[in-house]
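K.L.:
Next comes work25.tsv, TSV, C-alpha atoms:
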```tsv
chain	number	residue	atom	x	y	z
A	111	MET	CA	157.60	48.89	148.87
A	112	SER	CA	155.19	50.56	146.47
A	113	GLU	CA	151.56	50.97	147.36
A	114	PRO	CA	149.14	48.62	145.52
A	115	ARG	CA	147.21	50.21	142.67
A	116	ARG	CA	143.76	51.39	143.75
A	117	ARG	CA	140.95	49.35	142.28
A	118	MET	CA	138.56	51.38	140.07
A	119	THR	CA	134.97	51.76	141.16
A	120	GLY	CA	132.22	50.62	138.83
A	121	LYS	CA	131.48	54.23	137.85
A	122	GLU	CA	135.14	54.97	137.14
A	123	ARG	CA	135.53	51.79	135.09
A	124	ARG	CA	132.43	52.66	133.08
A	125	GLU	CA	133.79	56.15	132.35
A	126	GLN	CA	137.17	54.70	131.36
A	127	LEU	CA	135.53	52.31	128.90
A	128	ILE	CA	133.46	55.16	127.43
A	129	GLN	CA	136.54	57.33	126.84
A	130	ILE	CA	138.55	54.47	125.34
A	131	SER	CA	135.65	53.47	123.09
A	132	ARG	CA	135.18	57.10	122.04
A	133	THR	CA	138.77	57.25	120.79
A	134	LEU	CA	138.55	53.91	118.99
A	135	PHE	CA	135.19	54.69	117.36
A	136	ALA	CA	136.52	58.05	116.15
A	137	GLU	CA	139.58	56.42	114.65
A	138	LYS	CA	138.13	53.19	113.23
A	139	GLY	CA	134.36	53.59	113.17
A	140	PHE	CA	131.78	51.19	114.62
A	141	ASP	CA	132.54	48.26	112.32
A	142	GLY	CA	136.30	48.66	112.69
A	143	THR	CA	136.18	48.51	116.50
A	144	SER	CA	135.76	45.27	118.45
A	145	VAL	CA	134.90	44.45	122.05
A	146	GLU	CA	138.24	42.67	122.28
A	147	GLU	CA	140.09	45.85	121.33
A	148	ILE	CA	138.12	47.94	123.82
A	149	ALA	CA	138.82	45.45	126.60
A	150	ALA	CA	142.51	45.09	125.72
A	151	THR	CA	143.05	48.86	125.65
A	152	ALA	CA	141.39	49.18	129.08
A	153	ASN	CA	143.36	46.15	130.41
A	154	VAL	CA	140.18	44.31	131.34
A	155	SER	CA	138.48	41.17	130.13
A	156	LYS	CA	135.65	41.15	127.59
A	157	PRO	CA	133.02	40.22	130.22
A	158	VAL	CA	133.69	43.55	131.96
A	159	VAL	CA	132.62	45.41	128.83
A	160	TYR	CA	129.54	43.21	128.49
A	161	GLU	CA	128.73	43.74	132.16
A	162	HIS	CA	128.66	47.54	131.82
A	163	PHE	CA	127.16	47.97	128.34
A	164	GLY	CA	125.87	44.62	127.11
A	165	GLY	CA	128.20	44.74	124.11
A	166	LYS	CA	129.74	47.06	121.54
A	167	GLU	CA	126.37	48.47	120.51
A	168	GLY	CA	125.64	49.61	124.05
A	169	VAL	CA	128.86	51.52	124.57
A	170	TYR	CA	128.56	53.03	121.10
A	171	ALA	CA	125.03	54.26	121.91
A	172	VAL	CA	126.29	55.93	125.11
A	173	VAL	CA	129.19	57.62	123.27
A	174	VAL	CA	126.97	58.94	120.48
A	175	ASP	CA	124.28	60.13	122.89
A	176	ARG	CA	126.85	62.04	124.95
A	177	GLU	CA	128.27	63.78	121.89
A	178	MET	CA	124.84	64.64	120.55
A	179	GLN	CA	123.77	66.12	123.88
A	180	LYS	CA	127.01	68.09	124.18
A	181	LEU	CA	126.73	69.63	120.71
A	182	LEU	CA	122.99	70.23	121.05
A	183	GLY	CA	123.55	71.94	124.40
A	184	MET	CA	126.22	74.27	122.97
A	185	VAL	CA	124.02	75.27	120.03
A	186	THR	CA	120.96	75.69	122.25
A	187	GLU	CA	122.88	78.03	124.53
A	188	ALA	CA	124.07	80.03	121.52
A	189	LEU	CA	120.49	80.48	120.32
A	190	SER	CA	119.56	82.21	123.59
A	191	ALA	CA	121.00	85.52	122.31
A	192	SER	CA	118.55	88.36	121.70
A	193	HIS	CA	119.31	89.49	118.15
A	194	ALA	CA	118.92	87.15	115.16
A	195	LEU	CA	122.35	88.03	113.76
A	196	VAL	CA	124.01	87.28	117.09
A	197	LYS	CA	122.09	83.98	117.35
A	198	LEU	CA	123.45	82.99	113.96
A	199	GLU	CA	127.00	84.02	114.81
A	200	ARG	CA	127.07	82.23	118.13
A	201	ALA	CA	125.47	79.07	116.75
A	202	ALA	CA	128.13	78.91	114.00
A	203	LEU	CA	130.88	79.55	116.57
A	204	ALA	CA	129.43	76.88	118.89
A	205	LEU	CA	129.48	74.21	116.20
A	206	LEU	CA	133.00	75.11	115.08
A	207	ALA	CA	134.18	75.19	118.71
A	208	TYR	CA	132.74	71.71	119.19
A	209	VAL	CA	134.52	70.52	116.02
A	210	GLU	CA	137.84	71.96	117.22
A	211	GLU	CA	137.64	70.95	120.88
A	212	ASN	CA	135.83	67.61	120.43
A	213	SER	CA	137.27	66.33	117.16
A	214	GLU	CA	136.88	62.68	118.13
A	215	GLY	CA	133.24	63.16	119.06
A	216	PHE	CA	132.50	65.04	115.85
A	217	ARG	CA	134.16	62.33	113.75
A	218	ILE	CA	131.88	59.79	115.44
A	219	LEU	CA	128.77	61.90	114.81
A	220	VAL	CA	129.42	62.54	111.14
A	221	ARG	CA	129.78	58.82	110.46
A	222	ASP	CA	126.48	57.09	109.69
A	223	SER	CA	125.50	55.35	112.91
A	224	HIS	CA	125.37	51.57	112.72
A	225	ALA	CA	121.86	50.17	112.42
A	226	ALA	CA	122.46	47.74	115.28
A	227	SER	CA	123.53	50.47	117.66
A	228	GLY	CA	120.05	51.88	118.13
A	229	THR	CA	121.44	55.42	118.18
A	230	GLY	CA	120.46	58.45	116.18
A	231	THR	CA	122.39	59.72	113.19
A	232	PHE	CA	124.10	62.99	112.49
A	233	ALA	CA	121.13	63.83	110.26
A	234	SER	CA	118.78	63.36	113.22
A	235	LEU	CA	120.98	65.64	115.31
A	236	ILE	CA	120.89	68.25	112.56
A	237	ASN	CA	117.10	67.93	112.53
A	238	ASP	CA	117.02	68.54	116.29
A	239	ILE	CA	119.12	71.68	115.91
A	240	ALA	CA	117.10	72.81	112.90
A	241	SER	CA	113.87	72.48	114.91
A	242	GLN	CA	115.27	74.97	117.44
A	243	VAL	CA	116.49	77.32	114.71
A	244	GLU	CA	113.05	77.01	113.14
A	245	ASP	CA	111.44	78.58	116.23
A	246	VAL	CA	113.81	81.53	115.94
A	247	MET	CA	113.18	81.93	112.22
A	248	VAL	CA	109.39	81.84	112.64
A	249	ASP	CA	109.61	84.96	114.82
A	250	GLU	CA	112.02	86.63	112.42
A	251	PHE	CA	109.86	85.83	109.40
A	252	ALA	CA	106.72	87.09	111.10
A	253	GLY	CA	108.47	90.33	112.09
A	254	ARG	CA	109.75	90.91	108.56
A	255	GLY	CA	106.55	90.08	106.74
A	256	TYR	CA	107.73	86.73	105.32
A	257	ASP	CA	105.64	83.57	105.30
A	258	PRO	CA	106.36	81.70	108.60
A	259	LYS	CA	105.45	78.43	106.89
A	260	LEU	CA	108.79	78.66	105.06
A	261	ALA	CA	110.78	78.73	108.33
A	262	PRO	CA	111.33	74.92	108.54
A	263	MET	CA	112.85	74.84	105.05
A	264	TYR	CA	115.12	77.82	105.75
A	265	ALA	CA	116.17	76.29	109.09
A	266	GLN	CA	117.28	73.09	107.31
A	267	MET	CA	119.18	75.15	104.73
A	268	LEU	CA	120.95	77.20	107.37
A	269	VAL	CA	121.88	74.37	109.73
A	270	GLY	CA	122.91	72.13	106.83
A	271	MET	CA	125.23	74.79	105.47
A	272	VAL	CA	126.93	75.26	108.86
A	273	ALA	CA	127.17	71.50	109.53
A	274	LEU	CA	128.72	70.66	106.16
A	275	THR	CA	131.19	73.51	106.55
A	276	GLY	CA	132.11	72.07	109.95
A	277	GLN	CA	132.80	68.67	108.34
A	278	TRP	CA	135.09	70.32	105.79
A	279	TRP	CA	136.85	72.43	108.44
A	280	LEU	CA	137.41	69.35	110.64
A	281	ASP	CA	140.34	68.36	108.39
A	282	VAL	CA	141.64	71.65	106.97
A	283	ARG	CA	141.45	73.80	110.15
A	284	ARG	CA	142.15	76.93	108.13
A	285	PRO	CA	141.24	79.73	108.44
A	286	SER	CA	140.49	80.24	112.14
A	287	ARG	CA	137.07	79.23	113.43
A	288	GLU	CA	136.21	82.88	114.09
A	289	GLU	CA	136.96	83.75	110.47
A	290	VAL	CA	135.06	80.71	109.17
A	291	ALA	CA	132.07	81.68	111.33
A	292	ALA	CA	132.23	85.26	110.02
A	293	HIS	CA	132.12	84.04	106.42
A	294	LEU	CA	129.30	81.60	107.18
A	295	VAL	CA	127.24	84.38	108.74
A	296	ASN	CA	128.19	86.69	105.88
A	297	LEU	CA	126.68	84.30	103.35
A	298	ALA	CA	123.64	83.43	105.45
A	299	TRP	CA	122.87	87.00	106.56
A	300	ASN	CA	123.74	89.01	103.46
A	301	GLY	CA	123.24	86.48	100.67
A	302	LEU	CA	125.42	86.39	97.56
A	303	THR	CA	124.06	89.70	96.25
A	304	GLY	CA	125.05	91.61	99.39
A	305	LEU	CA	128.23	89.69	100.24
A	306	ASN	CA	130.73	91.65	102.32
A	307	PRO	CA	134.28	91.21	100.92
A	308	GLN	CA	135.81	91.41	104.42
A	309	PRO	CA	133.29	90.05	106.93
A	310	ARG	CA	133.80	90.21	110.70
A	311	LEU	CA	131.77	88.94	113.59
A	312	THR	CA	129.98	91.46	115.79
A	313	SER	CA	131.88	92.40	118.91
A	314	GLY	CA	129.52	90.43	121.16
A	315	SER	CA	130.16	87.19	119.30
A	316	ARG	CA	133.89	87.88	119.23
A	317	LEU	CA	133.66	88.32	122.99
A	318	ILE	CA	132.02	84.89	123.37
A	319	GLU	CA	134.80	83.38	121.27
A	320	GLU	CA	137.45	85.13	123.35
A	321	ARG	CA	135.85	83.83	126.52
A	322	ARG	CA	135.97	80.31	125.09
A	323	ALA	CA	139.72	80.56	124.24
A	324	PRO	CA	141.62	79.39	127.37
A	325	LEU	CA	144.84	81.31	126.71
A	326	LEU	CA	143.32	84.75	126.33
A	327	PRO	CA	143.09	87.07	129.38
A	328	ARG	CA	139.63	87.66	130.80
A	329	PRO	CA	138.34	91.11	129.73
A	330	THR	CA	137.57	93.71	132.38
A	331	GLU	CA	134.05	94.88	133.17
A	332	LYS	CA	134.83	98.14	131.36
A	333	GLU	CA	135.96	96.25	128.27
A	334	LEU	CA	132.84	94.10	128.41
A	335	ARG	CA	130.64	97.19	128.58
A	336	GLU	CA	132.56	98.78	125.70
A	337	ARG	CA	132.22	95.64	123.61
A	338	GLU	CA	128.54	95.38	124.40
A	339	ARG	CA	128.04	99.01	123.36
A	340	ALA	CA	130.07	98.32	120.22
A	341	ARG	CA	127.88	95.31	119.52
A	342	GLU	CA	124.75	97.40	119.96
A	343	ARG	CA	126.19	100.05	117.63
A	344	GLU	CA	126.99	97.39	115.06
A	345	LEU	CA	123.48	96.01	115.33
A	346	ARG	CA	122.02	99.50	114.91
A	347	GLU	CA	124.29	100.09	111.93
A	348	ALA	CA	123.29	96.75	110.45
A	349	GLU	CA	119.62	97.63	110.92
A	350	LYS	CA	120.17	101.08	109.40
A	351	ALA	CA	122.02	99.51	106.50
A	352	ARG	CA	119.13	97.12	105.98
A	353	GLU	CA	116.66	100.02	106.09
A	354	ARG	CA	118.81	101.98	103.62
A	355	GLU	CA	118.94	98.94	101.37
A	356	LEU	CA	115.15	98.59	101.55
A	357	LYS	CA	114.70	102.28	100.77
A	358	GLU	CA	117.16	102.04	97.90
A	359	ARG	CA	115.34	99.02	96.53
A	360	GLU	CA	112.05	100.91	96.85
A	361	LYS	CA	113.56	103.87	94.99
A	362	ILE	CA	114.84	101.54	92.28
A	363	ARG	CA	111.42	99.93	92.03
A	364	GLU	CA	109.76	103.36	91.78
A	365	ARG	CA	112.26	104.43	89.10
A	366	GLU	CA	111.59	101.24	87.20
A	367	LEU	CA	107.85	101.86	87.46
A	368	ARG	CA	108.29	105.44	86.23
A	369	GLU	CA	110.49	104.24	83.38
A	370	ALA	CA	107.94	101.57	82.51
A	371	GLU	CA	105.13	104.15	82.56
A	372	LYS	CA	107.23	106.53	80.45
A	373	LEU	CA	107.98	103.78	77.96
A	374	ALA	CA	104.29	102.88	77.88
A	375	ARG	CA	103.34	106.51	77.20
A	376	GLU	CA	105.97	106.82	74.48
A	377	ALA	CA	104.80	103.56	72.96
A	378	GLU	CA	101.20	104.85	72.99
A	379	LYS	CA	102.29	108.12	71.37
A	380	ALA	CA	104.22	106.21	68.73
A	381	ARG	CA	101.17	104.02	68.11
A	382	LEU	CA	98.93	107.10	67.72
A	383	ARG	CA	101.46	108.72	65.38
A	384	GLU	CA	101.57	105.56	63.33
A	385	LEU	CA	97.78	105.45	63.19
A	386	LYS	CA	97.68	109.10	62.04
A	387	GLU	CA	100.31	108.41	59.41
A	388	GLN	CA	98.36	105.39	58.19
A	389	GLU	CA	95.17	107.49	58.09
A	390	LYS	CA	96.97	110.17	56.07
A	391	ILE	CA	98.28	107.54	53.68
A	392	ARG	CA	94.78	106.11	53.27
A	393	GLU	CA	93.36	109.60	52.63
A	394	ARG	CA	96.08	110.32	50.04
A	395	GLU	CA	95.45	107.00	48.37
A	396	GLN	CA	91.72	107.68	48.36
A	397	ARG	CA	92.24	111.14	46.84
A	398	GLU	CA	94.57	109.68	44.22
A	399	ALA	CA	92.01	107.01	43.43
A	400	GLU	CA	89.21	109.61	43.14
A	401	LYS	CA	91.41	111.83	40.94
A	402	LEU	CA	92.27	108.89	38.72
A	403	ALA	CA	88.59	107.94	38.50
A	404	ARG	CA	87.68	111.52	37.47
A	405	GLU	CA	90.44	111.60	34.87
A	406	GLN	CA	89.29	108.24	33.53
A	407	GLU	CA	85.69	109.54	33.42
A	408	ARG	CA	86.75	112.66	31.53
A	409	ALA	CA	88.80	110.56	29.11
A	410	ARG	CA	85.80	108.30	28.56
A	411	GLU	CA	83.57	111.33	27.95
A	412	ARG	CA	86.11	112.72	25.46
A	413	GLU	CA	86.21	109.40	23.70
A	414	LEU	CA	82.43	109.34	23.55
A	415	ARG	CA	82.31	112.88	22.13
A	416	GLU	CA	85.01	112.06	19.58
A	417	ALA	CA	83.12	108.92	18.59
A	418	GLU	CA	79.88	110.92	18.28
A	419	LYS	CA	81.59	113.52	16.13
A	420	ALA	CA	83.11	110.82	13.93
A	421	ARG	CA	79.72	109.18	13.56
A	422	GLU	CA	78.13	112.53	12.62
A	423	ARG	CA	80.89	113.18	10.05
A	424	GLU	CA	80.36	109.72	8.63
A	425	GLN	CA	76.59	110.36	8.38
A	426	ARG	CA	77.17	113.64	6.58
A	427	GLU	CA	79.60	111.98	4.19
A	428	LEU	CA	77.08	109.26	3.49
A	429	GLU	CA	74.34	111.84	2.99
A	430	ARG	CA	76.48	113.81	0.58
A	431	ALA	CA	77.39	110.58	-1.27
A	432	ARG	CA	73.68	109.72	-1.66
A	433	ILE	CA	72.97	113.21	-2.89
A	434	ARG	CA	75.76	112.94	-5.44
A	435	GLU	CA	74.57	109.54	-6.54
A	436	ALA	CA	71.03	110.90	-6.91
A	437	ARG	CA	72.24	113.79	-8.98
A	438	GLU	CA	74.34	111.49	-11.14
A	439	ALA	CA	71.36	109.26	-11.68
A	440	GLU	CA	69.13	112.18	-12.58
A	441	ARG	CA	71.69	113.54	-15.06
A	442	ALA	CA	72.04	110.11	-16.62
A	443	SER	CA	68.28	109.84	-16.94
A	444	ASN	CA	68.02	113.24	-18.57
A	445	SER	CA	70.79	112.40	-21.02
A	446	SER	CA	69.08	109.21	-22.15
A	447	ARG	CA	65.92	111.04	-23.10
```
Can you give me the file's structure in the form of structure tokens?
P.N.:
Amino acid sequence: MSEPRRRMTGKERREQLIQISRTLFAEKGFDGTSVEEIAATANVSKPVVYEHFGGKEGVYAVVVDREMQKLLGMVTEALSASHALVKLERAALALLAYVEENSEGFRILVRDSHAASGTGTFASLINDIASQVEDVMVDEFAGRGYDPKLAPMYAQMLVGMVALTGQWWLDVRRPSREEVAAHLVNLAWNGLTGLNPQPRLTSGSRLIEERRAPLLPRPTEKELRERERARERELREAEKARERELKEREKIRERELREAEKLAREAEKARLRELKEQEKIREREQREAEKLAREQERARERELREAEKAREREQRELERARIREAREAERASNSSR
């Protein structure tokens, strides 16, 4: 004769209902799930569900709160790393690990929570995570000479980018989460202008990911030390690369300034040459005008002299004509006597 089935305790029944509801909410959403379906799946009556949670809204609130706390805890732990790059890597890996290992919970979170449920939304969760990232970015901005007041905006940008990528990756699942995280960090850390064509996570973050994978063997203490040293080397190299980039940008800026100054000097020289040429042209024009005026004056004087000579010749001709007329008159007078 078989033993009778053990009756669940109240705590066990509550946990069973939460897990069943979690699966149904992930598959059908809040509106698509009913108390009847939750009760039927758990092989209990509807009053049992009402007794534990007061209704569908109550169990939904518990499910959402658990998932939010789980994801927030994973991201918070990732942000405890020392270096900003490692914080970013581990936060991206934590979110993608949650997506992969808690797909049902993530599907519930990314749905807009029902107004009647009284729970937060995925946006509010993102805001909670962004507020923690903001604290990290304030320190980074202050250390790098950026305005810390911009940290909240950058935190929203960063967390939003990772969260939306997680939503996309929830369905495609390719490439691996480590590779997706590497590309996310590549874009966030380097920007489009400094994008690495073949990004990889630092060794420390890869180690965290390897620890999370259940099928991989646990690394030895020696391997851990080697990886930590490799991570430190990578961080030093990344810092050196950043310093080299800053120096190169400073050199480019100095070259641009020198080129601008050179162009300004050449432009000034060209302007002075143009002014000299214009002055020479004005002087030539003035000399030509003075020469023309002198020639016109001489021509006028010649005309005046020629006119004076013509007038004198005319006077002499008139005088000679009067003399002739007088002589003719005198001869005529003498002849008549």
K.L.:
For the atom pair CA of Ile130 (chain A) and CA of Val174 (chain A), what is the interatomic distance in Å to one decimal place?
P.N.:
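Answer for the CA of Ile130 (chain A) to CA of Val174 (chain A) separation: 13.3 Å.
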K.L.:
Between CA of Arg408 (chain A) and CA of Glu393 (chain A), what is the distance in Å, rounded to a tenth?
P.N.:
22.3 Å
K.L.:
Record the distance separating CA of Arg221 (chain A) and CA of Gly139 (chain A), expressed in Å with one decimal.
P.N.:
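Between these atoms lies a distance of 7.5 Å.
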K.L.:
Excluding Leu219 (chain A) and any residue of its chain fewer than 3 positions from it, enumerate the residues within 12 Å of it, using only C-alpha atoms, and give them as an MDAnalysis selection string.
P.N.:
chainID A and resid 132 135:136 139:140 170:171 173:182 208:209 212:216 222:224 229:236 273 276:277
K.L.:
Need to verify the contact set: region 248-262 of chain A, 12 Å, all atoms listed in the file, exclusion of same-chain residues closer than 5 positions in sequence. Can you return it as a PyMOL selection string?
P.N.:
chain A and resi 192-195+197+237-243+267-269+352-353+356
K.L.:
Got time to write the residues from that selection, C-alpha atoms, as a PDB file, in the coordinates of the input?
P.N.:
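Below you can see part_3.pdb, which holds the result:
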```
ATOM      1  CA  SER A 192     118.550  88.360 121.700  1.00  0.00           C
ATOM      2  CA  HIS A 193     119.310  89.490 118.150  1.00  0.00           C
ATOM      3  CA  ALA A 194     118.920  87.150 115.160  1.00  0.00           C
ATOM      4  CA  LEU A 195     122.350  88.030 113.760  1.00  0.00           C
ATOM      5  CA  LYS A 197     122.090  83.980 117.350  1.00  0.00           C
ATOM      6  CA  ASN A 237     117.100  67.930 112.530  1.00  0.00           C
ATOM      7  CA  ASP A 238     117.020  68.540 116.290  1.00  0.00           C
ATOM      8  CA  ILE A 239     119.120  71.680 115.910  1.00  0.00           C
ATOM      9  CA  ALA A 240     117.100  72.810 112.900  1.00  0.00           C
ATOM     10  CA  SER A 241     113.870  72.480 114.910  1.00  0.00           C
ATOM     11  CA  GLN A 242     115.270  74.970 117.440  1.00  0.00           C
ATOM     12  CA  VAL A 243     116.490  77.320 114.710  1.00  0.00           C
ATOM     13  CA  MET A 267     119.180  75.150 104.730  1.00  0.00           C
ATOM     14  CA  LEU A 268     120.950  77.200 107.370  1.00  0.00           C
ATOM     15  CA  VAL A 269     121.880  74.370 109.730  1.00  0.00           C
ATOM     16  CA  ARG A 352     119.130  97.120 105.980  1.00  0.00           C
ATOM     17  CA  GLU A 353     116.660 100.020 106.090  1.00  0.00           C
ATOM     18  CA  LEU A 356     115.150  98.590 101.550  1.00  0.00           C
TER      19      LEU A 356
END
```
K.L.:
I'd like the neighbourhood of Thr151 (chain A) as an NGL selection string, where a residue qualifies if any of its atoms comes within 12 Å (using all atoms listed in the file), though same-chain residues fewer than 6 positions away should be ignored.
P.N.:
:A and (126-134 or 143-145 or 159)
K.L.:
Restricting the calculation to only C-alpha atoms: of A:Lys121, A:Arg217, A:Arg339, A:Lys419, which residue gets closest to Trp279 (chain A)?
P.N.:
A:Arg217
K.L.:
Considering only C-alpha atoms, state which residue in the set A:Gly120, A:Gly314, A:Gly164, A:Pro285 is at the smallest distance from Leu206 (chain A).
P.N.:
A:Pro285
K.L.:
Would you kindly place all heavy atoms on region 139-148 of chain A and return the model as a PDB file, keeping the file's coordinate frame?
P.N.:
```
ATOM      1  N   GLY A 139     135.771  53.766 113.457  1.00  0.00           N
ATOM      2  CA  GLY A 139     134.360  53.590 113.170  1.00  0.00           C
ATOM      3  C   GLY A 139     133.780  52.427 113.954  1.00  0.00           C
ATOM      4  O   GLY A 139     134.492  51.668 114.634  1.00  0.00           O
ATOM      5  N   PHE A 140     132.460  52.252 113.866  1.00  0.00           N
ATOM      6  CA  PHE A 140     131.780  51.190 114.620  1.00  0.00           C
ATOM      7  C   PHE A 140     132.233  49.809 114.146  1.00  0.00           C
ATOM      8  O   PHE A 140     132.590  48.942 114.958  1.00  0.00           O
ATOM      9  CB  PHE A 140     130.266  51.355 114.444  1.00  0.00           C
ATOM     10  CG  PHE A 140     129.464  50.294 115.149  1.00  0.00           C
ATOM     11  CD1 PHE A 140     129.149  50.424 116.481  1.00  0.00           C
ATOM     12  CD2 PHE A 140     129.026  49.167 114.464  1.00  0.00           C
ATOM     13  CE1 PHE A 140     128.404  49.447 117.140  1.00  0.00           C
ATOM     14  CE2 PHE A 140     128.279  48.190 115.105  1.00  0.00           C
ATOM     15  CZ  PHE A 140     127.973  48.327 116.452  1.00  0.00           C
ATOM     16  N   ASP A 141     132.203  49.592 112.840  1.00  0.00           N
ATOM     17  CA  ASP A 141     132.540  48.260 112.320  1.00  0.00           C
ATOM     18  C   ASP A 141     134.006  47.919 112.535  1.00  0.00           C
ATOM     19  O   ASP A 141     134.350  46.739 112.661  1.00  0.00           O
ATOM     20  CB  ASP A 141     132.189  48.187 110.832  1.00  0.00           C
ATOM     21  CG  ASP A 141     130.685  48.219 110.601  1.00  0.00           C
ATOM     22  OD1 ASP A 141     129.953  47.699 111.457  1.00  0.00           O
ATOM     23  OD2 ASP A 141     130.256  48.781 109.570  1.00  0.00           O
ATOM     24  N   GLY A 142     134.877  48.925 112.549  1.00  0.00           N
ATOM     25  CA  GLY A 142     136.300  48.660 112.690  1.00  0.00           C
ATOM     26  C   GLY A 142     136.760  48.465 114.124  1.00  0.00           C
ATOM     27  O   GLY A 142     137.934  48.192 114.377  1.00  0.00           O
ATOM     28  N   THR A 143     135.841  48.651 115.076  1.00  0.00           N
ATOM     29  CA  THR A 143     136.180  48.510 116.500  1.00  0.00           C
ATOM     30  C   THR A 143     135.525  47.249 117.055  1.00  0.00           C
ATOM     31  O   THR A 143     134.361  46.968 116.771  1.00  0.00           O
ATOM     32  CB  THR A 143     135.694  49.743 117.288  1.00  0.00           C
ATOM     33  OG1 THR A 143     136.270  50.919 116.724  1.00  0.00           O
ATOM     34  CG2 THR A 143     136.090  49.640 118.748  1.00  0.00           C
ATOM     35  N   SER A 144     136.277  46.516 117.867  1.00  0.00           N
ATOM     36  CA  SER A 144     135.760  45.270 118.450  1.00  0.00           C
ATOM     37  C   SER A 144     135.748  45.364 119.974  1.00  0.00           C
ATOM     38  O   SER A 144     136.446  46.196 120.575  1.00  0.00           O
ATOM     39  CB  SER A 144     136.616  44.082 118.027  1.00  0.00           C
ATOM     40  OG  SER A 144     137.925  44.212 118.564  1.00  0.00           O
ATOM     41  N   VAL A 145     134.925  44.521 120.586  1.00  0.00           N
ATOM     42  CA  VAL A 145     134.900  44.450 122.050  1.00  0.00           C
ATOM     43  C   VAL A 145     136.261  44.028 122.584  1.00  0.00           C
ATOM     44  O   VAL A 145     136.731  44.531 123.621  1.00  0.00           O
ATOM     45  CB  VAL A 145     133.796  43.478 122.523  1.00  0.00           C
ATOM     46  CG1 VAL A 145     133.861  43.287 124.033  1.00  0.00           C
ATOM     47  CG2 VAL A 145     132.422  43.974 122.115  1.00  0.00           C
ATOM     48  N   GLU A 146     136.914  43.115 121.857  1.00  0.00           N
ATOM     49  CA  GLU A 146     138.240  42.670 122.280  1.00  0.00           C
ATOM     50  C   GLU A 146     139.222  43.827 122.362  1.00  0.00           C
ATOM     51  O   GLU A 146     140.005  43.953 123.314  1.00  0.00           O
ATOM     52  CB  GLU A 146     138.782  41.608 121.299  1.00  0.00           C
ATOM     53  CG  GLU A 146     138.067  40.273 121.353  1.00  0.00           C
ATOM     54  CD  GLU A 146     136.794  40.233 120.508  1.00  0.00           C
ATOM     55  OE1 GLU A 146     136.373  41.315 120.025  1.00  0.00           O
ATOM     56  OE2 GLU A 146     136.215  39.148 120.352  1.00  0.00           O
ATOM     57  N   GLU A 147     139.162  44.711 121.349  1.00  0.00           N
ATOM     58  CA  GLU A 147     140.090  45.850 121.330  1.00  0.00           C
ATOM     59  C   GLU A 147     139.778  46.820 122.455  1.00  0.00           C
ATOM     60  O   GLU A 147     140.686  47.371 123.084  1.00  0.00           O
ATOM     61  CB  GLU A 147     139.993  46.550 119.976  1.00  0.00           C
ATOM     62  CG  GLU A 147     141.081  47.571 119.740  1.00  0.00           C
ATOM     63  CD  GLU A 147     141.062  48.112 118.323  1.00  0.00           C
ATOM     64  OE1 GLU A 147     140.105  47.806 117.569  1.00  0.00           O
ATOM     65  OE2 GLU A 147     142.003  48.846 117.968  1.00  0.00           O
ATOM     66  N   ILE A 148     138.493  47.049 122.719  1.00  0.00           N
ATOM     67  CA  ILE A 148     138.120  47.940 123.820  1.00  0.00           C
ATOM     68  C   ILE A 148     138.626  47.379 125.147  1.00  0.00           C
ATOM     69  O   ILE A 148     139.228  48.087 125.965  1.00  0.00           O
ATOM     70  CB  ILE A 148     136.587  48.128 123.868  1.00  0.00           C
ATOM     71  CG1 ILE A 148     136.101  48.836 122.611  1.00  0.00           C
ATOM     72  CG2 ILE A 148     136.174  48.905 125.109  1.00  0.00           C
ATOM     73  CD1 ILE A 148     134.585  48.891 122.482  1.00  0.00           C
TER      74      ILE A 148
END
```
